[in-house]
$ cat entry.cif   # mmCIF, C-alpha atoms
data_protein
loop_
_atom_site.label_atom_id
_atom_site.label_comp_id
_atom_site.auth_asym_id
_atom_site.auth_seq_id
_atom_site.Cartn_x
_atom_site.Cartn_y
_atom_site.Cartn_z
CA MET A 84 -14.17 17.39 -7.88
CA SER A 85 -14.73 15.54 -4.61
CA ILE A 86 -12.75 12.46 -3.65
CA HIS A 87 -16.16 10.88 -3.00
CA ASP A 88 -17.31 11.07 -6.63
CA TYR A 89 -17.64 7.31 -6.89
CA ASN A 90 -19.19 7.52 -10.36
CA ALA A 91 -15.98 8.92 -11.84
CA GLN A 92 -13.69 6.41 -13.57
CA ARG A 93 -10.05 6.55 -12.45
CA LEU A 94 -6.96 5.26 -14.23
CA PHE A 95 -3.33 5.03 -13.15
CA LEU A 96 -0.97 6.26 -15.88
CA ASP A 97 2.77 5.94 -15.37
CA VAL A 98 3.58 9.09 -17.34
CA GLY A 99 4.07 12.76 -16.51
CA LEU A 100 0.82 14.72 -16.21
CA ALA A 101 0.41 18.37 -17.23
CA ALA A 102 -2.41 20.53 -18.58
CA GLY A 103 -3.00 20.29 -22.32
CA THR A 104 -0.94 17.17 -22.91
CA ILE A 105 -2.34 14.07 -24.59
CA VAL A 106 -1.65 10.63 -23.16
CA GLU A 107 -2.40 7.28 -24.72
CA CYS A 108 -3.98 4.40 -22.85
CA ASP A 109 -2.33 1.01 -23.04
CA LYS A 110 -4.09 -2.01 -24.54
CA GLY A 111 -5.64 -3.16 -21.26
CA GLN A 112 -6.90 0.30 -20.32
CA THR A 113 -8.31 0.84 -23.81
CA ASN A 114 -10.17 -2.46 -23.64
CA TYR A 115 -11.54 -1.61 -20.18
CA LEU A 116 -12.76 1.85 -21.20
CA LYS A 117 -14.24 0.83 -24.55
CA ASN A 118 -15.62 -2.64 -23.95
CA VAL A 119 -16.40 -2.69 -20.22
CA LEU A 120 -17.39 0.93 -19.53
CA ARG A 121 -18.58 1.66 -23.09
CA ALA A 122 -16.72 5.00 -22.93
CA LYS A 123 -16.64 7.13 -26.05
CA ALA A 124 -15.11 10.34 -27.37
CA GLY A 125 -16.07 13.31 -25.20
CA ASP A 126 -16.40 11.31 -21.97
CA HIS A 127 -14.33 12.29 -18.94
CA VAL A 128 -11.87 10.13 -16.98
CA LEU A 129 -9.81 10.93 -13.90
CA VAL A 130 -6.13 9.96 -14.08
CA PHE A 131 -3.22 9.96 -11.63
CA ASN A 132 0.41 8.79 -11.61
CA GLY A 133 1.30 8.85 -7.91
CA ARG A 134 3.35 12.03 -8.35
CA ASP A 135 1.38 14.83 -10.02
CA GLY A 136 -1.99 14.71 -8.32
CA GLU A 137 -5.27 13.81 -9.99
CA TRP A 138 -6.36 15.20 -13.37
CA LEU A 139 -9.60 15.47 -15.28
CA THR A 140 -9.20 14.25 -18.85
CA GLN A 141 -11.42 14.04 -21.89
CA ILE A 142 -11.40 11.15 -24.33
CA GLU A 143 -10.38 12.34 -27.79
CA GLY A 144 -8.69 9.93 -30.17
CA VAL A 145 -10.47 6.59 -30.34
CA THR A 146 -9.44 3.77 -32.63
CA LYS A 147 -10.00 0.04 -32.56
CA ARG A 148 -6.92 -0.57 -30.42
CA SER A 149 -6.12 2.73 -28.73
CA MET A 150 -7.65 5.65 -26.89
CA GLN A 151 -6.17 9.07 -26.19
CA LEU A 152 -6.93 11.33 -23.25
CA ARG A 153 -6.40 15.12 -23.17
CA LEU A 154 -5.53 16.50 -19.73
CA LYS A 155 -7.82 19.42 -18.92
CA GLU A 156 -7.22 20.44 -15.28
CA GLN A 157 -5.82 19.20 -12.01
CA VAL A 158 -8.66 18.41 -9.60
CA ARG A 159 -6.56 17.25 -6.61
CA SER A 160 -2.99 18.06 -5.68
CA GLN A 161 -0.63 15.24 -4.76
CA GLN A 162 -1.01 13.86 -1.24
CA VAL A 163 1.95 12.37 0.59
CA GLY A 164 0.42 10.65 3.62
CA PRO A 165 2.25 8.98 6.53
CA ASP A 166 5.70 7.44 6.04
CA ILE A 167 4.83 3.85 6.97
CA ASP A 168 6.65 0.78 5.67
CA TYR A 169 4.68 -2.47 5.84
CA LEU A 170 6.86 -5.54 6.40
CA PHE A 171 5.18 -8.92 6.12
CA ALA A 172 5.92 -12.58 5.61
CA PRO A 173 4.51 -13.59 2.18
CA LEU A 174 1.21 -15.47 2.12
CA LYS A 175 -0.38 -17.64 -0.54
CA HIS A 176 -2.06 -16.04 -3.54
CA ALA A 177 -5.58 -14.94 -2.58
CA ARG A 178 -4.70 -13.86 0.95
CA LEU A 179 -1.60 -12.01 -0.24
CA ASP A 180 -3.74 -10.19 -2.82
CA TYR A 181 -6.16 -9.15 -0.09
CA MET A 182 -3.42 -8.00 2.27
CA VAL A 183 -1.62 -5.97 -0.39
CA GLN A 184 -4.83 -4.22 -1.44
CA LYS A 185 -5.78 -3.37 2.17
CA ALA A 186 -2.28 -2.09 2.96
CA ALA A 187 -2.49 0.22 -0.06
CA GLU A 188 -5.92 1.46 1.05
CA LEU A 189 -4.51 2.12 4.53
CA GLY A 190 -1.87 4.42 3.10
CA VAL A 191 1.45 2.59 3.47
CA ARG A 192 4.45 4.10 1.68
CA ARG A 193 6.23 0.80 0.91
CA LEU A 194 5.39 -2.91 0.80
CA ARG A 195 8.35 -4.99 1.94
CA PRO A 196 8.06 -8.81 1.93
CA VAL A 197 10.38 -10.41 4.49
CA LEU A 198 11.42 -14.05 4.64
CA THR A 199 11.40 -15.48 8.15
CA GLN A 200 12.32 -18.91 9.46
CA HIS A 201 8.65 -19.95 9.52
CA THR A 202 7.57 -18.30 6.25
CA ASN A 203 5.27 -20.70 4.43
CA THR A 204 6.04 -19.51 0.91
CA GLY A 205 9.12 -17.85 -0.52
CA ARG A 206 7.61 -17.04 -3.90
CA VAL A 207 6.43 -13.49 -4.38
CA LYS A 208 5.09 -12.26 -7.72
CA LEU A 209 6.05 -8.60 -7.65
CA GLU A 210 4.11 -7.79 -10.83
CA ARG A 211 0.96 -9.23 -9.28
CA MET A 212 1.53 -7.19 -6.11
CA GLN A 213 1.99 -4.06 -8.21
CA ALA A 214 -1.23 -4.76 -10.11
CA ASN A 215 -3.14 -5.18 -6.84
CA VAL A 216 -1.74 -1.92 -5.50
CA ILE A 217 -2.80 -0.03 -8.62
CA GLU A 218 -6.26 -1.59 -8.63
CA ALA A 219 -6.80 -0.61 -4.99
CA ALA A 220 -5.65 2.95 -5.68
CA GLU A 221 -7.90 3.29 -8.75
CA GLN A 222 -10.97 2.04 -6.89
CA CYS A 223 -10.50 3.91 -3.61
CA GLY A 224 -9.50 7.42 -4.64
CA ILE A 225 -5.89 6.98 -3.51
CA LEU A 226 -3.26 9.20 -5.13
CA HIS A 227 -0.13 7.55 -3.72
CA ILE A 228 1.12 4.26 -5.18
CA PRO A 229 3.11 2.30 -2.57
CA GLU A 230 6.54 1.10 -3.63
CA VAL A 231 6.68 -2.68 -4.02
CA CYS A 232 10.04 -4.01 -2.81
CA ALA A 233 11.75 -7.32 -3.53
CA PRO A 234 11.72 -9.93 -0.72
CA GLN A 235 14.61 -9.99 1.75
CA LYS A 236 15.50 -12.21 4.67
CA LEU A 237 14.47 -10.71 8.01
CA SER A 238 18.05 -10.92 9.28
CA LYS A 239 19.26 -8.85 6.30
CA VAL A 240 16.49 -6.28 6.77
CA ILE A 241 17.43 -5.79 10.42
CA ALA A 242 21.16 -5.63 9.65
CA ASP A 243 20.53 -2.75 7.21
CA TRP A 244 17.89 -0.96 9.31
CA ASP A 245 17.83 2.82 9.68
CA ASP A 246 17.60 3.43 13.43
CA ALA A 247 15.60 6.62 12.84
CA ARG A 248 12.61 4.54 11.69
CA ALA A 249 10.67 2.98 14.57
CA LEU A 250 9.78 -0.67 13.94
CA ILE A 251 6.47 -1.77 15.41
CA PHE A 252 6.75 -5.52 15.90
CA CYS A 253 3.33 -7.15 16.22
CA ASP A 254 3.85 -9.75 18.92
CA GLU A 255 1.22 -11.71 20.83
CA GLY A 256 3.72 -11.98 23.69
CA ALA A 257 4.15 -8.20 24.14
CA ALA A 258 4.42 -7.12 27.79
CA GLN A 259 1.98 -4.23 27.24
CA SER A 260 -1.38 -5.80 26.39
CA ALA A 261 -3.12 -2.51 25.50
CA PRO A 262 -2.05 -1.63 21.95
CA ILE A 263 -3.10 2.03 21.98
CA ALA A 264 -1.21 2.63 25.22
CA ALA A 265 1.89 1.01 23.71
CA LEU A 266 1.75 3.27 20.66
CA GLN A 267 1.47 6.45 22.72
CA ASP A 268 5.17 6.24 23.52
CA VAL A 269 6.33 5.78 19.92
CA PRO A 270 8.16 8.87 18.63
CA ARG A 271 6.63 10.74 15.70
CA GLY A 272 8.40 10.22 12.40
CA PRO A 273 9.07 7.39 9.94
CA LEU A 274 7.50 4.10 11.01
CA ALA A 275 7.37 0.47 9.98
CA VAL A 276 4.95 -2.31 10.92
CA LEU A 277 6.13 -5.92 10.97
CA ILE A 278 3.70 -8.86 10.71
CA GLY A 279 5.02 -12.39 10.91
CA PRO A 280 4.01 -15.65 9.20
CA GLU A 281 1.22 -17.97 10.25
CA GLY A 282 3.69 -19.99 12.30
CA GLY A 283 4.93 -16.94 14.16
CA PHE A 284 8.51 -15.81 14.70
CA SER A 285 11.23 -18.17 15.86
CA LEU A 286 12.92 -17.69 19.24
CA GLU A 287 16.06 -16.52 17.47
CA GLU A 288 14.10 -13.88 15.52
CA ARG A 289 12.33 -12.69 18.67
CA GLU A 290 15.66 -12.27 20.44
CA LEU A 291 17.10 -10.40 17.45
CA LEU A 292 14.17 -7.96 17.42
CA ALA A 293 14.04 -7.53 21.21
CA ALA A 294 17.69 -6.44 21.24
CA LYS A 295 17.08 -3.45 18.96
CA PRO A 296 16.32 -0.07 20.60
CA TYR A 297 14.09 1.05 17.73
CA VAL A 298 11.72 -1.94 18.07
CA ILE A 299 8.38 -1.50 19.84
CA CYS A 300 6.42 -4.67 20.64
CA LEU A 301 2.70 -4.33 19.95
CA SER A 302 -0.03 -6.65 21.14
CA LEU A 303 -3.14 -6.89 18.97
CA GLY A 304 -5.37 -7.96 21.84
CA ALA A 305 -6.53 -11.23 23.33
CA ARG A 306 -7.33 -13.04 20.08
CA ILE A 307 -4.86 -14.63 17.71
CA MET A 308 -5.47 -13.34 14.18
CA ARG A 309 -4.51 -14.64 10.79
CA ALA A 310 -1.62 -12.73 9.27
CA ASP A 311 -3.75 -10.80 6.76
CA THR A 312 -6.25 -9.79 9.46
CA ALA A 313 -3.43 -8.81 11.82
CA GLY A 314 -1.95 -6.54 9.15
CA VAL A 315 -5.20 -4.63 8.73
CA ALA A 316 -5.68 -4.32 12.50
CA ALA A 317 -2.12 -3.12 13.11
CA LEU A 318 -2.16 -0.55 10.31
CA ALA A 319 -5.52 0.78 11.51
CA LEU A 320 -4.14 1.23 15.04
CA VAL A 321 -0.99 2.93 13.78
CA ASN A 322 -2.97 5.30 11.55
CA ALA A 323 -5.32 6.17 14.41
CA VAL A 324 -2.55 6.96 16.92
CA LEU A 325 0.45 8.00 14.80
CA GLY A 326 -0.77 8.40 11.22
CA ASP A 327 -3.25 10.61 9.40
CA TRP A 328 -6.50 9.54 11.06
CA GLN A 329 -6.20 12.08 13.85
#
$ encode --input "entry.cif" --output "structure tokens"
Amino acid sequence: MSIHDYNAQRLFLDVGLAAGTIVECDKGQTNYLKNVLRAKAGDHVLVFNGRDGEWLTQIEGVTKRSMQLRLKEQVRSQQVGPDIDYLFAPLKHARLDYMVQKAAELGVRRLRPVLTQHTNTGRVKLERMQANVIEAAEQCGILHIPEVCAPQKLSKVIADWDDARALIFCDEGAAQSAPIAALQDVPRGPLAVLIGPEGGFSLEERELLAAKPYVICLSLGARIMRADTAGVAALALVNAVLGDWQ
């Protein structure tokens, strides 16, 4: 079955998937299938868990409050994708929802909120982020579910950093103004992209990042973007030059 079968319904199930097994939908999934999609016994649904690929299932047991799916065959093997961490200063609700969904669509491995000196909001609803990640994956044919990490202060993140992972620091003051040229020199391997808050990074934070050998400063061009727009632009550039868009 093609990844471009947009008529197929997809569900994320956080259980092991294997041929012949029967899995039960939770209350929300049952309501969605029965009352929104008007699905019935005998209909087919695609399911995935972020580990075992994508499976074709058939609806079997249907009651007022539950629905069971029998796994018939695997239609896509699990895809890993690029090892990209996305570090970002939290935004307010709607814009954070948008940014999380787009980051998932762009194939990041982990979502890592970081608290900077100019971060506008310190509250991050991890369950809401997780729900947005799953929704994006279900709608866009994605098999990998990015890990959602708890917020940490930027200083703590840098203190614990693995030097083997290049950190692409999106900085309007980068010496190299051509972003693609700047990425050409980044070594292949694990990567991370760092987007700051609306107010930008403090001088102290800039000095901390500039002192690290694994940090690469990346300009996003002549225009100043909002943080959510900058995240999409940066991840697109990284995928095109260093990720799986080649």
$ atom_distance --input "entry.cif" --atom1 "CA of Gln329 in chain A" --atom2 "CA of Val315 in chain A"
17.5 Å
$ atom_distance --input "entry.cif" --atom1 "CA of Val240 in chain A" --atom2 "CA of Ala313 in chain A"
20.7 Å
$ residues_around --input "entry.cif" --residues "Glu288 in chain A" --least-positions-apart "5" --cutoff "10 Å" --atoms "all atoms listed in the file" --output "short mmCIF file (atom, residue, chain, number, x, y, z; two decimals) with C-alpha atoms, in the frame of the given file"
data_model
loop_
_atom_site.label_atom_id
_atom_site.label_comp_id
_atom_site.auth_asym_id
_atom_site.auth_seq_id
_atom_site.Cartn_x
_atom_site.Cartn_y
_atom_site.Cartn_z
CA THR A 199 11.40 -15.48 8.15
CA GLN A 200 12.32 -18.91 9.46
CA LEU A 237 14.47 -10.71 8.01
CA SER A 238 18.05 -10.92 9.28
CA GLY A 283 4.93 -16.94 14.16
CA ALA A 293 14.04 -7.53 21.21
#
$ residues_around --input "entry.cif" --residues "Gly136 in chain A" --least-positions-apart "3" --cutoff "9 Å" --atoms "all atoms listed in the file" --output "list in words"
Leu100, Val130, Phe131, Asn132, Gly133, Gln157, Val158, Arg159, Ser160, Gln161, Gln162, Leu226 and His227 of chain A
$ closest_residue --input "entry.cif" --among "A:Thr204, A:Arg178, A:Pro196, A:Ile263" --to "Val231 in chain A" --atoms "only C-alpha atoms"
A:Pro196
$ resolve_selection --input "entry.cif" --expression "the PyMOL selection byres ((chain A and resi 201) around 12)" --output "PyMOL selection string"
chain A and resi 172-174+197-200+202-205+236-237+279-288
$ residues_around --input "entry.cif" --residues "Leu194 in chain A" --least-positions-apart "5" --cutoff "7 Å" --atoms "all atoms listed in the file" --output "number ranges by chain"
A: 168-170, 229-232
$ write_last_selection --input "entry.cif" --atoms "C-alpha atoms" --output "PDB file, in the frame of the given file"
ATOM      1  CA  ASP A 168       6.650   0.780   5.670  1.00  0.00           C
ATOM      2  CA  TYR A 169       4.680  -2.470   5.840  1.00  0.00           C
ATOM      3  CA  LEU A 170       6.860  -5.540   6.400  1.00  0.00           C
ATOM      4  CA  PRO A 229       3.110   2.300  -2.570  1.00  0.00           C
ATOM      5  CA  GLU A 230       6.540   1.100  -3.630  1.00  0.00           C
ATOM      6  CA  VAL A 231       6.680  -2.680  -4.020  1.00  0.00           C
ATOM      7  CA  CYS A 232      10.040  -4.010  -2.810  1.00  0.00           C
TER       8      CYS A 232
END
$ resolve_selection --input "entry.cif" --expression "the PyMOL selection byres ((chain A and resi 181-191) around 10)" --output "NGL selection string"
:A and (163-169 or 171 or 173-174 or 176-180 or 192-194 or 211-220 or 222-231 or 274-276 or 310-315 or 318-319 or 321-322 or 326-327)
$ write_last_selection --input "entry.cif" --atoms "C-alpha atoms" --output "PDB file, in the coordinates of the input"
ATOM      1  CA  VAL A 163       1.950  12.370   0.590  1.00  0.00           C
ATOM      2  CA  GLY A 164       0.420  10.650   3.620  1.00  0.00           C
ATOM      3  CA  PRO A 165       2.250   8.980   6.530  1.00  0.00           C
ATOM      4  CA  ASP A 166       5.700   7.440   6.040  1.00  0.00           C
ATOM      5  CA  ILE A 167       4.830   3.850   6.970  1.00  0.00           C
ATOM      6  CA  ASP A 168       6.650   0.780   5.670  1.00  0.00           C
ATOM      7  CA  TYR A 169       4.680  -2.470   5.840  1.00  0.00           C
ATOM      8  CA  PHE A 171       5.180  -8.920   6.120  1.00  0.00           C
ATOM      9  CA  PRO A 173       4.510 -13.590   2.180  1.00  0.00           C
ATOM     10  CA  LEU A 174       1.210 -15.470   2.120  1.00  0.00           C
ATOM     11  CA  HIS A 176      -2.060 -16.040  -3.540  1.00  0.00           C
ATOM     12  CA  ALA A 177      -5.580 -14.940  -2.580  1.00  0.00           C
ATOM     13  CA  ARG A 178      -4.700 -13.860   0.950  1.00  0.00           C
ATOM     14  CA  LEU A 179      -1.600 -12.010  -0.240  1.00  0.00           C
ATOM     15  CA  ASP A 180      -3.740 -10.190  -2.820  1.00  0.00           C
ATOM     16  CA  ARG A 192       4.450   4.100   1.680  1.00  0.00           C
ATOM     17  CA  ARG A 193       6.230   0.800   0.910  1.00  0.00           C
ATOM     18  CA  LEU A 194       5.390  -2.910   0.800  1.00  0.00           C
ATOM     19  CA  ARG A 211       0.960  -9.230  -9.280  1.00  0.00           C
ATOM     20  CA  MET A 212       1.530  -7.190  -6.110  1.00  0.00           C
ATOM     21  CA  GLN A 213       1.990  -4.060  -8.210  1.00  0.00           C
ATOM     22  CA  ALA A 214      -1.230  -4.760 -10.110  1.00  0.00           C
ATOM     23  CA  ASN A 215      -3.140  -5.180  -6.840  1.00  0.00           C
ATOM     24  CA  VAL A 216      -1.740  -1.920  -5.500  1.00  0.00           C
ATOM     25  CA  ILE A 217      -2.800  -0.030  -8.620  1.00  0.00           C
ATOM     26  CA  GLU A 218      -6.260  -1.590  -8.630  1.00  0.00           C
ATOM     27  CA  ALA A 219      -6.800  -0.610  -4.990  1.00  0.00           C
ATOM     28  CA  ALA A 220      -5.650   2.950  -5.680  1.00  0.00           C
ATOM     29  CA  GLN A 222     -10.970   2.040  -6.890  1.00  0.00           C
ATOM     30  CA  CYS A 223     -10.500   3.910  -3.610  1.00  0.00           C
ATOM     31  CA  GLY A 224      -9.500   7.420  -4.640  1.00  0.00           C
ATOM     32  CA  ILE A 225      -5.890   6.980  -3.510  1.00  0.00           C
ATOM     33  CA  LEU A 226      -3.260   9.200  -5.130  1.00  0.00           C
ATOM     34  CA  HIS A 227      -0.130   7.550  -3.720  1.00  0.00           C
ATOM     35  CA  ILE A 228       1.120   4.260  -5.180  1.00  0.00           C
ATOM     36  CA  PRO A 229       3.110   2.300  -2.570  1.00  0.00           C
ATOM     37  CA  GLU A 230       6.540   1.100  -3.630  1.00  0.00           C
ATOM     38  CA  VAL A 231       6.680  -2.680  -4.020  1.00  0.00           C
ATOM     39  CA  LEU A 274       7.500   4.100  11.010  1.00  0.00           C
ATOM     40  CA  ALA A 275       7.370   0.470   9.980  1.00  0.00           C
ATOM     41  CA  VAL A 276       4.950  -2.310  10.920  1.00  0.00           C
ATOM     42  CA  ALA A 310      -1.620 -12.730   9.270  1.00  0.00           C
ATOM     43  CA  ASP A 311      -3.750 -10.800   6.760  1.00  0.00           C
ATOM     44  CA  THR A 312      -6.250  -9.790   9.460  1.00  0.00           C
ATOM     45  CA  ALA A 313      -3.430  -8.810  11.820  1.00  0.00           C
ATOM     46  CA  GLY A 314      -1.950  -6.540   9.150  1.00  0.00           C
ATOM     47  CA  VAL A 315      -5.200  -4.630   8.730  1.00  0.00           C
ATOM     48  CA  LEU A 318      -2.160  -0.550  10.310  1.00  0.00           C
ATOM     49  CA  ALA A 319      -5.520   0.780  11.510  1.00  0.00           C
ATOM     50  CA  VAL A 321      -0.990   2.930  13.780  1.00  0.00           C
ATOM     51  CA  ASN A 322      -2.970   5.300  11.550  1.00  0.00           C
ATOM     52  CA  GLY A 326      -0.770   8.400  11.220  1.00  0.00           C
ATOM     53  CA  ASP A 327      -3.250  10.610   9.400  1.00  0.00           C
TER      54      ASP A 327
END
$ resolve_selection --input "entry.cif" --expression "the PyMOL selection byres ((chain A and resi 246) around 12)" --output "list in words"
Val240, Ile241, Ala242, Asp243, Trp244, Asp245, Ala247, Arg248, Ala249, Leu250, Gly272, Pro273, Leu274, Ala275, Lys295, Pro296, Tyr297 and Val298 of chain A
$ atom_distance --input "entry.cif" --atom1 "CA of Arg93 in chain A" --atom2 "CA of Glu137 in chain A"
9.0 Å
$ closest_residue --input "entry.cif" --among "A:Lys110, A:Lys117, A:Lys208, A:Lys147" --to "Lys175 in chain A" --atoms "all atoms listed in the file"
A:Lys208
$ residues_around --input "entry.cif" --residues "Leu120 in chain A" --least-positions-apart "6" --cutoff "12 Å" --atoms "only C-alpha atoms" --output "PyMOL selection string"
chain A and resi 90-93+112-114+126-128
$ residues_around --input "entry.cif" --residues "Ile142 in chain A" --least-positions-apart "2" --cutoff "12 Å" --atoms "only C-alpha atoms" --output "PyMOL selection string"
chain A and resi 92+105-108+113+116-117+121-130+139-140+144-146+149-155
$ closest_residue --input "entry.cif" --among "A:Gln141, A:Gln267, A:Thr104, A:Ser260" --to "Ser302 in chain A" --atoms "only C-alpha atoms"
A:Ser260
$ closest_residue --input "entry.cif" --among "A:Leu94, A:Val119, A:Ala102, A:Val324" --to "Ala264 in chain A" --atoms "all atoms listed in the file"
A:Val324
$ closest_residue --input "entry.cif" --among "A:Glu156, A:Pro270, A:Ala233, A:Ile278" --to "Phe252 in chain A" --atoms "only C-alpha atoms"
A:Ile278
